$ cat target11.cif   # mmCIF, C-alpha atoms and all ligand atoms
data_model
loop_
_atom_site.group_PDB
_atom_site.id
_atom_site.type_symbol
_atom_site.label_atom_id
_atom_site.label_comp_id
_atom_site.auth_asym_id
_atom_site.auth_seq_id
_atom_site.Cartn_x
_atom_site.Cartn_y
_atom_site.Cartn_z
ATOM 1 C CA MET A 17 98.187 101.946 99.582
ATOM 2 C CA GLY A 18 97.771 98.204 100.117
ATOM 3 C CA ARG A 19 99.004 96.162 103.012
ATOM 4 C CA ARG A 20 102.767 95.865 103.057
ATOM 5 C CA VAL A 21 104.510 92.518 103.052
ATOM 6 C CA ARG A 22 106.429 91.858 106.269
ATOM 7 C CA VAL A 23 110.123 91.311 105.576
ATOM 8 C CA ALA A 24 112.934 90.075 107.814
ATOM 9 C CA VAL A 25 116.548 90.728 106.784
ATOM 10 C CA LEU A 26 119.319 88.380 107.924
ATOM 11 C CA ILE A 27 122.839 89.777 108.178
ATOM 12 C CA SER A 28 126.278 88.960 109.554
ATOM 13 C CA GLY A 29 128.223 92.129 108.847
ATOM 14 C CA GLY A 30 128.288 95.656 107.532
ATOM 15 C CA GLY A 31 124.807 95.556 106.139
ATOM 16 C CA SER A 32 125.203 97.927 103.202
ATOM 17 C CA ASN A 33 122.632 95.854 101.328
ATOM 18 C CA LEU A 34 120.381 96.046 104.380
ATOM 19 C CA GLN A 35 120.754 99.835 104.179
ATOM 20 C CA ALA A 36 119.696 99.794 100.534
ATOM 21 C CA LEU A 37 116.613 97.779 101.493
ATOM 22 C CA ILE A 38 115.846 100.097 104.427
ATOM 23 C CA ASP A 39 116.069 103.142 102.159
ATOM 24 C CA ALA A 40 113.946 101.601 99.397
ATOM 25 C CA THR A 41 111.223 100.312 101.701
ATOM 26 C CA ALA A 42 110.950 103.749 103.322
ATOM 27 C CA ALA A 43 109.264 104.948 100.113
ATOM 28 C CA PRO A 44 105.527 105.392 100.655
ATOM 29 C CA ASP A 45 104.646 103.179 97.698
ATOM 30 C CA SER A 46 106.942 100.280 98.634
ATOM 31 C CA ALA A 47 105.190 96.894 98.706
ATOM 32 C CA ALA A 48 107.436 95.757 101.554
ATOM 33 C CA ARG A 49 108.348 96.819 105.024
ATOM 34 C CA ILE A 50 111.181 95.518 107.147
ATOM 35 C CA VAL A 51 109.859 94.304 110.480
ATOM 36 C CA LEU A 52 112.980 92.590 111.821
ATOM 37 C CA VAL A 53 116.726 92.408 111.320
ATOM 38 C CA VAL A 54 118.491 89.299 112.604
ATOM 39 C CA SER A 55 122.247 88.977 112.938
ATOM 40 C CA ASN A 56 124.201 85.927 114.026
ATOM 41 C CA ARG A 57 126.949 88.279 115.196
ATOM 42 C CA ALA A 58 126.525 90.846 117.956
ATOM 43 C CA ASP A 59 129.160 93.161 116.429
ATOM 44 C CA ALA A 60 127.552 93.412 112.979
ATOM 45 C CA PHE A 61 127.364 97.070 111.965
ATOM 46 C CA GLY A 62 124.068 96.351 110.267
ATOM 47 C CA LEU A 63 122.467 96.224 113.732
ATOM 48 C CA GLU A 64 123.351 99.895 114.120
ATOM 49 C CA ARG A 65 121.719 100.628 110.776
ATOM 50 C CA ALA A 66 118.531 98.886 111.943
ATOM 51 C CA ALA A 67 118.536 100.850 115.205
ATOM 52 C CA ARG A 68 118.956 104.150 113.360
ATOM 53 C CA ALA A 69 115.976 103.296 111.183
ATOM 54 C CA GLY A 70 113.890 102.293 114.195
ATOM 55 C CA ILE A 71 113.667 98.664 113.064
ATOM 56 C CA PRO A 72 113.673 95.954 115.758
ATOM 57 C CA SER A 73 116.639 93.603 115.675
ATOM 58 C CA ARG A 74 117.718 90.352 117.265
ATOM 59 C CA VAL A 75 121.092 88.706 117.707
ATOM 60 C CA ILE A 76 120.948 84.940 117.421
ATOM 61 C CA ASP A 77 124.509 83.755 117.962
ATOM 62 C CA HIS A 78 125.107 80.437 116.210
ATOM 63 C CA ARG A 79 127.809 79.580 118.754
ATOM 64 C CA MET A 80 125.113 79.235 121.420
ATOM 65 C CA PHE A 81 123.562 76.270 119.608
ATOM 66 C CA PRO A 82 124.814 72.688 119.421
ATOM 67 C CA ASP A 83 124.112 72.283 115.697
ATOM 68 C CA ARG A 84 122.647 73.899 112.605
ATOM 69 C CA ALA A 85 119.188 72.416 113.143
ATOM 70 C CA THR A 86 118.712 74.012 116.582
ATOM 71 C CA PHE A 87 120.102 77.346 115.359
ATOM 72 C CA ASP A 88 117.735 77.302 112.396
ATOM 73 C CA ALA A 89 114.819 76.399 114.689
ATOM 74 C CA ALA A 90 115.540 79.466 116.843
ATOM 75 C CA LEU A 91 115.831 81.606 113.735
ATOM 76 C CA GLY A 92 112.538 80.291 112.390
ATOM 77 C CA ALA A 93 110.802 80.972 115.696
ATOM 78 C CA ALA A 94 112.081 84.571 115.764
ATOM 79 C CA LEU A 95 110.840 85.119 112.205
ATOM 80 C CA ARG A 96 107.415 83.640 112.882
ATOM 81 C CA GLU A 97 107.021 85.626 116.089
ATOM 82 C CA VAL A 98 106.872 88.866 114.098
ATOM 83 C CA GLY A 99 104.744 87.468 111.273
ATOM 84 C CA THR A 100 107.527 87.404 108.673
ATOM 85 C CA GLU A 101 106.301 86.761 105.143
ATOM 86 C CA LEU A 102 109.530 87.218 103.171
ATOM 87 C CA VAL A 103 113.152 86.715 104.200
ATOM 88 C CA CYS A 104 116.093 88.565 102.644
ATOM 89 C CA LEU A 105 119.572 87.168 103.167
ATOM 90 C CA ALA A 106 121.966 90.115 102.957
ATOM 91 C CA GLY A 107 125.520 89.070 103.694
ATOM 92 C CA PHE A 108 124.327 86.357 106.062
ATOM 93 C CA LEU A 109 127.297 84.040 106.415
ATOM 94 C CA ARG A 110 125.666 80.865 107.705
ATOM 95 C CA ILE A 111 124.677 77.821 105.707
ATOM 96 C CA LEU A 112 121.003 77.066 106.336
ATOM 97 C CA THR A 113 119.577 73.558 106.655
ATOM 98 C CA THR A 114 117.513 72.105 103.840
ATOM 99 C CA ASP A 115 114.445 71.972 106.124
ATOM 100 C CA PHE A 116 114.723 75.668 106.928
ATOM 101 C CA VAL A 117 115.264 76.638 103.300
ATOM 102 C CA GLU A 118 112.325 74.523 102.148
ATOM 103 C CA SER A 119 110.084 76.089 104.803
ATOM 104 C CA TRP A 120 110.669 79.446 103.068
ATOM 105 C CA ARG A 121 110.505 78.141 99.501
ATOM 106 C CA ASP A 122 109.953 81.025 97.056
ATOM 107 C CA ARG A 123 109.746 83.383 100.039
ATOM 108 C CA MET A 124 113.478 83.749 100.718
ATOM 109 C CA LEU A 125 115.830 85.918 98.623
ATOM 110 C CA ASN A 126 119.621 86.074 98.556
ATOM 111 C CA ILE A 127 122.144 88.374 96.936
ATOM 112 C CA HIS A 128 125.339 86.869 95.594
ATOM 113 C CA PRO A 129 128.291 88.843 94.220
ATOM 114 C CA SER A 130 128.615 87.150 90.825
ATOM 115 C CA LEU A 131 126.581 86.556 87.706
ATOM 116 C CA LEU A 132 125.182 83.170 88.687
ATOM 117 C CA PRO A 133 125.494 80.371 87.764
ATOM 118 C CA ALA A 134 129.136 81.448 87.453
ATOM 119 C CA PHE A 135 131.248 81.663 90.605
ATOM 120 C CA ARG A 136 129.102 80.211 93.315
ATOM 121 C CA GLY A 137 130.713 80.291 96.766
ATOM 122 C CA LEU A 138 133.365 82.638 98.128
ATOM 123 C CA ASP A 139 136.042 84.947 96.662
ATOM 124 C CA THR A 140 133.955 85.619 93.599
ATOM 125 C CA HIS A 141 135.762 88.790 92.524
ATOM 126 C CA ALA A 142 139.254 87.274 92.627
ATOM 127 C CA ARG A 143 137.967 84.194 90.827
ATOM 128 C CA ALA A 144 136.318 86.265 88.089
ATOM 129 C CA LEU A 145 139.596 88.126 87.550
ATOM 130 C CA ALA A 146 141.615 84.896 87.564
ATOM 131 C CA ALA A 147 139.247 83.441 84.969
ATOM 132 C CA GLY A 148 139.742 86.471 82.740
ATOM 133 C CA ALA A 149 136.021 87.254 82.749
ATOM 134 C CA ARG A 150 135.155 90.431 80.811
ATOM 135 C CA VAL A 151 131.961 90.957 82.762
ATOM 136 C CA HIS A 152 131.080 90.288 86.356
ATOM 137 C CA GLY A 153 128.246 91.412 88.611
ATOM 138 C CA CYS A 154 125.663 90.285 91.088
ATOM 139 C CA THR A 155 122.530 88.170 91.259
ATOM 140 C CA VAL A 156 119.441 88.296 93.444
ATOM 141 C CA HIS A 157 117.749 84.923 93.474
ATOM 142 C CA LEU A 158 115.244 82.793 95.323
ATOM 143 C CA VAL A 159 117.003 80.463 97.701
ATOM 144 C CA ARG A 160 117.207 76.712 97.188
ATOM 145 C CA PRO A 161 118.988 74.291 99.534
ATOM 146 C CA GLU A 162 122.117 74.001 97.415
ATOM 147 C CA LEU A 163 124.385 76.984 98.097
ATOM 148 C CA ASP A 164 124.026 79.921 95.678
ATOM 149 C CA THR A 165 121.454 78.244 93.480
ATOM 150 C CA GLY A 166 117.828 79.077 92.796
ATOM 151 C CA PRO A 167 115.590 80.952 90.368
ATOM 152 C CA ILE A 168 117.127 84.259 89.299
ATOM 153 C CA LEU A 169 115.210 87.473 89.925
ATOM 154 C CA VAL A 170 117.509 90.369 89.019
ATOM 155 C CA GLN A 171 121.110 90.610 87.826
ATOM 156 C CA GLY A 172 123.489 93.543 87.635
ATOM 157 C CA VAL A 173 126.328 93.529 85.110
ATOM 158 C CA VAL A 174 129.690 95.170 85.827
ATOM 159 C CA PRO A 175 132.364 95.241 83.093
ATOM 160 C CA VAL A 176 135.816 94.159 84.251
ATOM 161 C CA GLN A 177 138.527 96.767 83.690
ATOM 162 C CA GLY A 178 142.073 95.985 82.607
ATOM 163 C CA ASP A 179 143.652 97.214 85.817
ATOM 164 C CA ASP A 180 141.055 95.830 88.206
ATOM 165 C CA THR A 181 141.946 94.390 91.558
ATOM 166 C CA ALA A 182 139.499 92.193 93.450
ATOM 167 C CA GLU A 183 138.872 95.121 95.820
ATOM 168 C CA ARG A 184 138.107 97.646 93.083
ATOM 169 C CA LEU A 185 135.867 95.219 91.266
ATOM 170 C CA ALA A 186 134.088 94.308 94.527
ATOM 171 C CA ALA A 187 133.368 97.969 95.239
ATOM 172 C CA ARG A 188 131.751 98.491 91.825
ATOM 173 C CA VAL A 189 129.749 95.288 92.160
ATOM 174 C CA LEU A 190 128.560 96.341 95.625
ATOM 175 C CA GLU A 191 127.146 99.589 94.225
ATOM 176 C CA VAL A 192 125.150 97.596 91.709
ATOM 177 C CA GLU A 193 124.029 95.190 94.439
ATOM 178 C CA HIS A 194 122.447 98.128 96.227
ATOM 179 C CA ARG A 195 120.326 98.858 93.164
ATOM 180 C CA CYS A 196 119.428 95.255 92.348
ATOM 181 C CA TYR A 197 118.272 94.052 95.746
ATOM 182 C CA PRO A 198 115.498 96.617 96.302
ATOM 183 C CA ARG A 199 114.205 95.911 92.802
ATOM 184 C CA ALA A 200 114.056 92.192 93.377
ATOM 185 C CA LEU A 201 112.361 92.620 96.734
ATOM 186 C CA GLU A 202 109.754 94.937 95.232
ATOM 187 C CA LEU A 203 109.040 92.402 92.488
ATOM 188 C CA VAL A 204 108.418 89.576 94.930
ATOM 189 C CA ALA A 205 106.651 91.670 97.567
ATOM 190 C CA SER A 206 104.255 93.090 95.000
ATOM 191 C CA GLY A 207 103.175 89.521 94.217
ATOM 192 C CA ARG A 208 104.055 89.680 90.541
ATOM 193 C CA THR A 209 106.501 86.789 90.446
ATOM 194 C CA GLU A 210 105.819 83.174 89.715
ATOM 195 C CA THR A 211 108.367 80.384 89.660
ATOM 196 C CA LEU A 212 108.155 78.057 86.701
ATOM 197 C CA GLY A 213 110.617 75.225 87.187
ATOM 198 C CA GLU A 214 113.883 76.932 87.956
ATOM 199 C CA THR A 215 112.989 80.283 86.427
ATOM 200 C CA VAL A 216 111.005 83.277 87.597
ATOM 201 C CA GLN A 217 108.311 84.824 85.414
ATOM 202 C CA VAL A 218 107.118 88.370 86.073
ATOM 203 C CA ARG A 219 103.483 89.287 85.543
ATOM 204 C CA ASP A 220 102.364 92.832 84.730
ATOM 205 C CA PRO A 221 105.812 94.356 84.355
ATOM 206 C CA ARG A 222 105.792 98.054 85.198
ATOM 207 C CA PRO A 223 106.807 100.567 82.535
ATOM 208 C CA GLY A 224 110.582 100.670 82.290
ATOM 209 C CA GLU A 225 111.023 97.940 84.871
ATOM 210 C CA ARG A 226 114.147 95.957 84.148
ATOM 211 C CA LEU A 227 115.360 92.680 85.534
ATOM 212 C CA VAL A 228 118.910 93.427 84.491
ATOM 213 C CA LEU A 229 121.045 96.418 85.299
ATOM 214 C CA HIS A 230 123.689 97.021 82.680
ATOM 215 C CA PRO A 231 125.837 100.092 82.038
ATOM 216 C CA LEU A 232 124.635 100.240 78.418
ATOM 217 C CA LEU A 233 120.949 100.216 79.368
ATOM 218 C CA ARG A 234 119.297 103.454 80.370
ATOM 219 C CA GLU A 235 117.437 103.371 83.642
HETATM 220 C C1 LIG B 301 127.724 91.419 99.584
HETATM 221 O O1 LIG B 301 128.764 91.430 98.652
HETATM 222 C C2 LIG B 301 126.767 90.304 99.264
HETATM 223 O O2 LIG B 301 126.620 90.078 97.901
HETATM 224 C C3 LIG B 301 127.415 89.129 99.918
HETATM 225 O O3 LIG B 301 127.956 89.631 101.120
HETATM 226 C C4 LIG B 301 128.210 91.017 100.979
HETATM 227 C C5 LIG B 301 127.455 91.716 102.066
HETATM 228 O O4 LIG B 301 127.742 93.076 102.154
HETATM 229 N N1 LIG B 301 126.469 88.057 100.059
HETATM 230 P P1 LIG B 301 126.874 93.995 103.112
HETATM 231 O O5 LIG B 301 126.932 93.396 104.513
HETATM 232 O O6 LIG B 301 125.476 94.045 102.575
HETATM 233 O O7 LIG B 301 127.544 95.335 103.066
#

$ encode --input "target11.cif" --output "structure tokens"
Amino acid sequence: MGRRVRVAVLISGGGSNLQALIDATAAPDSAARIVLVVSNRADAFGLERAARAGIPSRVIDHRMFPDRATFDAALGAALREVGTELVCLAGFLRILTTDFVESWRDRMLNIHPSLLPAFRGLDTHARALAAGARVHGCTVHLVRPELDTGPILVQGVVPVQGDDTAERLAARVLEVEHRCYPRALELVASGRTETLGETVQVRDPRPGERLVLHPLLRE
């Protein structure tokens, strides 16, 4: 087994996506290992998940900093201290400065609960329903300074049902998120991705490896 890429996961809340990444990177053949979890909130349940998995964590409370730049500087220092090579945003509810984002260009991933470029921003499930969308889903992408933009790695498609509420739809999307994020991380950590303009190309795809999860496609 080769050296594993050192990953930090940034959270603000429940951390169910963090859990999916913890579980996936526990596999002996994973190209990644999580070396740090950072939360900007001390009460984030994800911190408990990190502790249970024996992964070090830090709380960096944004309210202790005068502005975004000093918060991001502290965050960057914490990441560098443990030799972070890739950053995964997983329900991290802070806007990051352009300087910080650029310092992790092509090395920072985010998961967003919509099929980007549709429905950037908040309340994606309610907005998809209000728009009458027939399909919805999630996107794992490389992070660029503009919110919820950047080269797409993996998407998961969830059909909208006639009687859906935002909550029901969100729950089905979240399940798919948990399958998409580990896949995207493995792709990047295994060094098989290359960004060409605003798209990601994958070299040496593995047999059966898909960049889209869809209910009509067999795994
Ligand atoms: C997920 O829906 C994710 O797409 C969004 O925030 C939510 C985080 O959930 N960015 P969790 O903390 O991973 O459970």

$ residues_near_ligand --input "target11.cif" --ligand "ligand LIG 301 (chain B)" --cutoff "6 Å" --atoms "only C-alpha atoms and all ligand atoms" --output "PyMOL selection string"
chain A and resi 29-34+106-107+127-129+190

$ atom_distance --input "target11.cif" --atom1 "atom CA of Leu203 of chain A" --atom2 "atom CA of Val228 of chain A"
12.7 Å

$ resolve_selection --input "target11.cif" --expression "the PyMOL selection byres (((chain A and resi 25) around 8) and not hetatm)" --output "PyMOL selection string"
chain A and resi 23-24+26-27+34+50+52-54+103-106

$ resolve_selection --input "target11.cif" --expression "the PyMOL selection byres (((chain A and resi 68-76) around 9) and not hetatm)" --output "number ranges by chain"
A: 38, 50-58, 63-67, 77-80, 87, 90-91, 94

$ atom_distance --input "target11.cif" --atom1 "atom CA of Val173 of chain A" --atom2 "atom CA of His141 of chain A"
12.9 Å
